[in-house]
Amino acid sequence: MTTVSPTPETSPETSPEKATLTSTLAAPQAHVGAPTPPPSMRLRELAFGAACAAAVRAAARLGVADALGETPASAAELALVVDAEPVPLRRLLRALTCYGVFAETEDGTFVHTDTSRLLREDDPHSLRYISLWCTEPWTWDVWPRLEDAVRTGSSVFPETFGKGFFDYLHQDAGESAMVFNRAMTTSSVQSARDVAELLDLTGVSSVADIGGGQGHVLASLLEKHPSVRGTLMDLPGVVARADARLRDEGPLADRVRIVAGDCREDIPFEVDLYIIKNILEWDDESTRRTLANVVAAARPGARVVIIENLVDDTPSMRFTTAMDLLLLLNVGGAKHTRESLLGHMSEAGLQVGEIHPVNAYLHAFECTVP
C-alpha cells in the first residue's frame, strides 16, 4: 500500500508489551488533562463501546495507520490512499482521536500516536491482527448473548452457529481462521521474547513447551541458551506448522524433538523444565488432567513454569477480563484468578515458588515437582 510518507521502525529496544502497556495506561495524547466525565456520561460512553471497537476494526481493515507516515495528513489525503470517502473518513478519525488512536493537529490534519502505530502492518510490535481478531464478524453475534452465557455458565456458540467454535472457524469462516492464526502467531512471537528474557535456565539441559503451538517460545529459549535441548508438544495439526527454526534444515532442528500429542491424555517424556503457557483456560477437568500428566511424567525436582493471563492483580484487567468473557461465549472457557490457578497447582501436587510478571498481561508461576 502507498503511504503518505514513510514511517521509521519503532526502536527494537522497546518491549512490545511495555509499548502496549504504556499506550494502554497513558492518557490519550490528544486529550491530556481532559476532565473525567461524570458517571452519567461515562455510562453512556460504555454503552456505546461497540462504536470504539468498530472504529478500530475499520481503521485496521482500511489500512489508515499504514497510509499515515511521519508527515501530518488530512483526511482527504488519506482517503485517496485507502480508497475511502474523505468526509466519513474524517468522522472515523475524529472518533478514534478521542481514545488516543491518532491525534488531530490545530490545522485539522492527523498524526500518529504510540497507539495508532501499533495498527501498522509493518510495525515490529503490530497489534493489527489482534485488533481484527477481537472484532471478527462472529463476535458481533455472540456478545449480545452474554446474558444467556452468564445465566447458564455455558458457551452460546453452538446454539448461535449450529456447531462448535473451532469447527465453525475452520469450516465456515476461512478469513476469520486466517486472522486467528495471524493474531495468535503475533501474540506468541511477541511474548516469546519476554519469556526468554525472564526465565533463568541455569542448570537446565532440557526444556519442553507443552501445548506450545508453533514453538516460538521454545525457539527463543534455544537461541538464547545454545547448550539446551528442547521438545515441542502440541496437536498434530499444530506442530505440522512449527516455527521454521525448529523444523528439518532449520538452525535449531538438531536440538529439537517435536512430539504430536494431546497433553490432556499423556506427556511421554522427561525433561528438566516444563513450560505451560496460556493453555489452562479450558474446563477445570482438562486443566486437572494436564497438570496431573506433567507431574506423572516429570522426575522429582523438575521445574514447571506455568504462564497465564490473570483476571486479577494485573495492570491490564480491562483486557484480560474482556478475554475471559469472550472465552465464556465462544468455548465455555475461563481465564484464571491467582487463587484459582494456585488451587489447581496445589491439587496437582506441585510446589509453588515465586510468581513473576512476564509483561503487562502475563504472570509466570515457578513450580517444582516433589
# chains A, B, ... in the order shown; residues from 1 in each chain; ligands from 1

$ select_by_dssp --residues "range 215-255 of chain A" --states "strand (DSSP E)" --output "list in words"
Arg229, Gly230, Thr231, Leu232, Met233 and Asp234 of chain A

$ residues_around --residues "Asp266 in chain A" --least-positions-apart "3" --cutoff "10 Å" --atoms "only C-alpha atoms" --output "ChimeraX atom specification"
/A:261-263,269,289-290,292-294,296-297

$ closest_residue --among "A:Ala348, A:Ala75, A:Ile130, A:Met233" --to "Ala208 in chain A" --atoms "only C-alpha atoms"
A:Met233

$ residues_around --residues "Tyr361 in chain A" --least-positions-apart "6" --cutoff "10 Å" --atoms "only C-alpha atoms" --output "mmCIF file with C-alpha atoms, in the first residue's frame"
data_model
loop_
_atom_site.group_PDB
_atom_site.id
_atom_site.type_symbol
_atom_site.label_atom_id
_atom_site.label_comp_id
_atom_site.auth_asym_id
_atom_site.auth_seq_id
_atom_site.Cartn_x
_atom_site.Cartn_y
_atom_site.Cartn_z
ATOM 1 C CA GLU A 17 4.386 -5.452 25.856
ATOM 2 C CA LEU A 21 1.150 -1.155 28.400
ATOM 3 C CA SER A 191 5.550 -12.713 24.323
ATOM 4 C CA GLU A 308 -1.105 -17.378 32.210
ATOM 5 C CA ASN A 309 -3.212 -14.267 31.878
ATOM 6 C CA LEU A 310 -4.837 -13.404 35.192
ATOM 7 C CA VAL A 311 -8.132 -11.616 35.660
ATOM 8 C CA ASP A 313 -3.764 -8.462 40.231
ATOM 9 C CA THR A 314 -2.708 -7.168 36.813
ATOM 10 C CA PRO A 315 -2.377 -3.714 35.242
ATOM 11 C CA SER A 316 -4.363 -4.892 32.197
ATOM 12 C CA MET A 317 -7.578 -6.060 33.849
ATOM 13 C CA PHE A 319 -8.141 -6.528 28.590
ATOM 14 C CA THR A 320 -7.941 -9.809 30.499
#

$ residues_around --residues "Val305 in chain A" --least-positions-apart "3" --cutoff "10 Å" --atoms "only C-alpha atoms" --output "ChimeraX atom specification"
/A:199,209,273-277,308,352-353,355,363-368

$ write_last_selection --atoms "N, CA, C and O atoms" --output "JSON list (two decimals), in the first residue's frame"
[["chain", "number", "residue", "atom", "x", "y", "z"],
["A", 199, "LEU", "N", 13.14, -16.14, 32.00],
["A", 199, "LEU", "CA", 13.45, -17.44, 32.59],
["A", 199, "LEU", "C", 14.95, -17.65, 32.76],
["A", 199, "LEU", "O", 15.74, -17.45, 31.84],
["A", 209, "ASP", "N", 8.06, -27.33, 25.83],
["A", 209, "ASP", "CA", 6.92, -26.41, 25.80],
["A", 209, "ASP", "C", 5.68, -27.24, 25.52],
["A", 209, "ASP", "O", 5.51, -27.78, 24.42],
["A", 273, "LEU", "N", 12.80, -28.95, 32.59],
["A", 273, "LEU", "CA", 11.89, -27.82, 32.74],
["A", 273, "LEU", "C", 10.71, -27.97, 31.79],
["A", 273, "LEU", "O", 10.91, -28.14, 30.57],
["A", 274, "TYR", "N", 9.50, -27.92, 32.33],
["A", 274, "TYR", "CA", 8.27, -27.94, 31.54],
["A", 274, "TYR", "C", 7.66, -26.54, 31.55],
["A", 274, "TYR", "O", 7.50, -25.94, 32.62],
["A", 275, "ILE", "N", 7.32, -26.03, 30.38],
["A", 275, "ILE", "CA", 6.65, -24.74, 30.27],
["A", 275, "ILE", "C", 5.22, -24.97, 29.80],
["A", 275, "ILE", "O", 4.98, -25.69, 28.82],
["A", 276, "ILE", "N", 4.27, -24.37, 30.50],
["A", 276, "ILE", "CA", 2.86, -24.45, 30.13],
["A", 276, "ILE", "C", 2.35, -23.03, 30.01],
["A", 276, "ILE", "O", 2.21, -22.33, 31.02],
["A", 277, "LYS", "N", 2.10, -22.58, 28.81],
["A", 277, "LYS", "CA", 1.76, -21.18, 28.59],
["A", 277, "LYS", "C", 0.39, -21.03, 27.92],
["A", 277, "LYS", "O", 0.18, -21.51, 26.80],
["A", 308, "GLU", "N", 0.31, -17.61, 32.53],
["A", 308, "GLU", "CA", -1.11, -17.38, 32.21],
["A", 308, "GLU", "C", -1.47, -15.91, 32.33],
["A", 308, "GLU", "O", -0.82, -15.15, 33.06],
["A", 352, "VAL", "N", 4.66, -24.64, 44.73],
["A", 352, "VAL", "CA", 4.71, -23.34, 44.07],
["A", 352, "VAL", "C", 5.74, -22.46, 44.76],
["A", 352, "VAL", "O", 5.76, -22.33, 45.98],
["A", 353, "GLY", "N", 6.60, -21.85, 43.94],
["A", 353, "GLY", "CA", 7.61, -20.92, 44.46],
["A", 353, "GLY", "C", 7.26, -19.49, 44.11],
["A", 353, "GLY", "O", 6.16, -19.02, 44.40],
["A", 355, "ILE", "N", 6.38, -16.03, 41.97],
["A", 355, "ILE", "CA", 5.48, -15.63, 40.88],
["A", 355, "ILE", "C", 6.02, -14.33, 40.30],
["A", 355, "ILE", "O", 6.25, -13.36, 41.03],
["A", 363, "HIS", "N", 1.64, -13.63, 33.81],
["A", 363, "HIS", "CA", 2.39, -13.95, 35.02],
["A", 363, "HIS", "C", 2.98, -15.35, 34.89],
["A", 363, "HIS", "O", 2.34, -16.25, 34.31],
["A", 364, "ALA", "N", 4.18, -15.54, 35.44],
["A", 364, "ALA", "CA", 4.85, -16.84, 35.43],
["A", 364, "ALA", "C", 4.89, -17.39, 36.86],
["A", 364, "ALA", "O", 5.39, -16.71, 37.77],
["A", 365, "PHE", "N", 4.37, -18.59, 37.03],
["A", 365, "PHE", "CA", 4.36, -19.28, 38.33],
["A", 365, "PHE", "C", 5.46, -20.35, 38.30],
["A", 365, "PHE", "O", 5.38, -21.30, 37.53],
["A", 366, "GLU", "N", 6.47, -20.19, 39.14],
["A", 366, "GLU", "CA", 7.56, -21.16, 39.24],
["A", 366, "GLU", "C", 7.15, -22.28, 40.18],
["A", 366, "GLU", "O", 6.81, -22.04, 41.34],
["A", 367, "CYS", "N", 7.17, -23.51, 39.68],
["A", 367, "CYS", "CA", 6.77, -24.67, 40.48],
["A", 367, "CYS", "C", 7.84, -25.75, 40.40],
["A", 367, "CYS", "O", 8.70, -25.77, 39.48],
["A", 368, "THR", "N", 7.78, -26.69, 41.36],
["A", 368, "THR", "CA", 8.69, -27.82, 41.38],
["A", 368, "THR", "C", 7.89, -29.10, 41.62],
["A", 368, "THR", "O", 6.92, -29.10, 42.39]]

$ closest_residue --among "A:Val304, A:Leu127, A:Ala76, A:Ile279" --to "Val207 in chain A" --atoms "only C-alpha atoms"
A:Val304

$ closest_residue --among "A:Leu291, A:Gly203, A:Arg145, A:Ser74" --to "Pro86 in chain A" --atoms "only C-alpha atoms"
A:Ser74

$ residues_around --residues "Arg94 in chain A" --least-positions-apart "5" --cutoff "12 Å" --atoms "only C-alpha atoms" --output "PyMOL selection string"
chain A and resi 30+52+55-56+59+74-75+87-89+99-105+108-111

$ closest_residue --among "A:Asn359, A:Ser155, A:Ser131, A:Ser205" --to "Phe180 in chain A" --atoms "only C-alpha atoms"
A:Ser131

$ atom_distance --atom1 "CA of Ala60 in chain A" --atom2 "CA of Leu119 in chain A"
6.1 Å

$ select_by_dssp --residues "range 76-160 of chain A" --states "alpha helix (DSSP H)" --output "ChimeraX atom specification"
/A:76-82,86-97,114-117,128-133,139-142,146-152,157-160

$ closest_residue --among "A:Gln351, A:Thr71, A:Ser116, A:Ser188" --to "Val295 in chain A" --atoms "only C-alpha atoms"
A:Gln351

$ residues_around --residues "Lys163 in chain A" --least-positions-apart "6" --cutoff "12 Å" --atoms "only C-alpha atoms" --output "ChimeraX atom specification"
/A:155-157,169-172,330-331

$ atom_distance --atom1 "CA of Tyr168 in chain A" --atom2 "CA of Trp143 in chain A"
16.7 Å

$ residues_around --residues "Val238 in chain A" --least-positions-apart "6" --cutoff "10 Å" --atoms "only C-alpha atoms" --output "compact mmCIF listing (two decimals) with C-alpha atoms, in the first residue's frame"
# COMPACT_ATOMS: atom_id res chain seq x y z
CA GLY A 211 0.84 -27.14 24.16
CA GLY A 212 3.48 -24.81 22.73
CA GLY A 213 1.77 -24.04 19.43
CA GLN A 214 4.29 -23.41 16.67
CA GLY A 215 7.15 -23.23 19.15
CA ALA A 260 2.46 -34.62 18.22
CA GLY A 261 0.01 -35.36 21.00

$ decode --residues "range 324-336 of chain A" --atoms "N, CA and C atoms" --output "mmCIF file, in the first residue's frame"
data_model
loop_
_atom_site.group_PDB
_atom_site.id
_atom_site.type_symbol
_atom_site.label_atom_id
_atom_site.label_comp_id
_atom_site.auth_asym_id
_atom_site.auth_seq_id
_atom_site.Cartn_x
_atom_site.Cartn_y
_atom_site.Cartn_z
ATOM 1 N N ASP A 324 -11.672 -13.019 29.136
ATOM 2 C CA ASP A 324 -12.351 -14.016 29.961
ATOM 3 C C ASP A 324 -13.811 -14.168 29.544
ATOM 4 N N LEU A 325 -14.506 -13.059 29.318
ATOM 5 C CA LEU A 325 -15.909 -13.119 28.898
ATOM 6 C C LEU A 325 -16.049 -13.689 27.489
ATOM 7 N N LEU A 326 -15.115 -13.352 26.602
ATOM 8 C CA LEU A 326 -15.183 -13.900 25.251
ATOM 9 C C LEU A 326 -14.951 -15.407 25.254
ATOM 10 N N LEU A 327 -14.064 -15.879 26.122
ATOM 11 C CA LEU A 327 -13.853 -17.323 26.267
ATOM 12 C C LEU A 327 -15.131 -18.021 26.723
ATOM 13 N N LEU A 328 -15.843 -17.401 27.653
ATOM 14 C CA LEU A 328 -17.120 -17.958 28.105
ATOM 15 C C LEU A 328 -18.083 -18.085 26.934
ATOM 16 N N LEU A 329 -18.139 -17.073 26.095
ATOM 17 C CA LEU A 329 -19.078 -17.066 24.980
ATOM 18 C C LEU A 329 -18.730 -18.089 23.907
ATOM 19 N N ASN A 330 -17.449 -18.171 23.524
ATOM 20 C CA ASN A 330 -17.143 -18.983 22.344
ATOM 21 C C ASN A 330 -16.804 -20.441 22.634
ATOM 22 N N VAL A 331 -16.140 -20.722 23.764
ATOM 23 C CA VAL A 331 -15.805 -22.123 24.048
ATOM 24 C C VAL A 331 -16.197 -22.564 25.457
ATOM 25 N N GLY A 332 -16.781 -21.653 26.246
ATOM 26 C CA GLY A 332 -17.132 -22.006 27.616
ATOM 27 C C GLY A 332 -15.949 -22.053 28.550
ATOM 28 N N GLY A 333 -14.808 -21.459 28.138
ATOM 29 C CA GLY A 333 -13.613 -21.465 28.965
ATOM 30 C C GLY A 333 -13.563 -20.275 29.897
ATOM 31 N N ALA A 334 -12.415 -20.125 30.590
ATOM 32 C CA ALA A 334 -12.268 -19.027 31.550
ATOM 33 C C ALA A 334 -10.796 -18.750 31.787
ATOM 34 N N LYS A 335 -10.493 -17.472 31.994
ATOM 35 C CA LYS A 335 -9.179 -17.087 32.482
ATOM 36 C C LYS A 335 -9.142 -17.284 33.998
ATOM 37 N N HIS A 336 -7.943 -17.381 34.540
ATOM 38 C CA HIS A 336 -7.793 -17.689 35.961
ATOM 39 C C HIS A 336 -7.577 -16.449 36.804
#
